[in-house]
Amino acid sequence: MNDSYTTVAKEGSGEYEEKKSVFYGFIKPIEEEDEALAYINEIRERLPNMRHTCYAYVNKGGNVVRFSDDHEPQGTAGMPILEVIRREGLTGVVIVVARYFGGILLGAGGLTRAYGKAAKLALDNAGKATFVLYHDVELYADYSAYQKLKYELSVMGIEEIETRYEADVVSRVLASENEVEILRDKLSNMTSGKGQLKIVGQRFAPEKK
């Protein structure tokens with residue numbers, strides 16, 4: 001499993017016009033193929049009057065790559081959209097470009113440029129984000145030590161994603177390998193060895209700045 005991948009930060013859109021044809025680009029981060037297919041169908045339902053709804057997607061693992069010209073001349077729509085994804089080094093993303101035909105033929109070169117531009121405009125609107133594989137960690141500290149732990153987490157730039165108040169306070173965080181070792185030492189010192197650090201899994205999350 002790769003320990004990081006780059007995708008788009010959020011769903012986005014862009015619009016490009018060429019000789020009265022309008023190309024509406026849409027982009028969304030996804031993990032698996034079924035999410036991409038659902039999004040493509042969503043765009044088709046949202047814009048039922050479009051002449052062509054073309055797309056390209058790559059799943060998070062990078063092993064599923066699909067594209068479609070949707071009855072445009074072969075190689076003029078899906079491939080230029082896919083080239084935007086590849087050029088930007090993205091995985092875990094789907095781009096859909098729906099075309100309203102303005103009555104003037106654009107030719108193969110015009111179509112290729114237009115689909116690529118609409119895809120890139122959508123990407124620029126959404127922005128890129130790198131996701132990193134972090135350890136999902138639970139930190140157990142008594143109530144008197146928790147405030148010290150909370151301060152140390154703040155200093156390290158680590159956000160709590162869950163806090164449970166049980167026999168001890170359980171603070172759940174995402175941490176890198178190096179951060180885990182630092183937290184283990186800090187927790188031991190502030191609890192006189194009574195605190196616990198448990199790695200309960202792994203999770204992809206936006207890279208910490």
# chains A, B, ... in the order shown; residues from 1 in each chain; ligands from 1

$ select_by_dssp --residues "region 93-160 of chain A" --states "strand (DSSP E or B)" --output "ChimeraX atom specification"
/A:93-100,128-141,160

$ atom_distance --atom1 "CA of Ser176 (chain A)" --atom2 "CA of Gly157 (chain A)"
11.8 Å

$ atom_distance --atom1 "CA of Ser4 (chain A)" --atom2 "CA of Ile40 (chain A)"
25.6 Å

$ select_by_dssp --residues "region 9-114 of chain A" --states "helix (DSSP H, G or I)" --output "JSON, numbers by chain"
{"A": [33, 34, 35, 36, 37, 38, 39, 40, 41, 42, 43, 44, 45, 46, 78, 79, 80, 81, 82, 83, 84, 85, 86, 87, 107, 108, 109, 110, 111, 112, 113, 114]}

$ closest_atom_pairs --of "region 79-99 of chain A" --to "region 15-20 of chain A" --cutoff "10 Å" --atoms "only C-alpha atoms" --output "JSON lines"
{"residue": "A:Val97", "atom": "CA", "partner": "A:Glu15", "partner_atom": "CA", "distance": 9.1}
{"residue": "A:Ala98", "atom": "CA", "partner": "A:Glu15", "partner_atom": "CA", "distance": 9.7}
{"residue": "A:Arg99", "atom": "CA", "partner": "A:Glu17", "partner_atom": "CA", "distance": 9.5}

$ residues_around --residues "Ser144 (chain A)" --least-positions-apart "3" --cutoff "10 Å" --atoms "only C-alpha atoms" --output "PyMOL selection string"
chain A and resi 141+147-149+168-169+190-191

$ closest_residue --among "A:Asn59, A:Asn2, A:Thr53, A:Ser192" --to "Glu72 (chain A)" --atoms "only C-alpha atoms"
A:Thr53
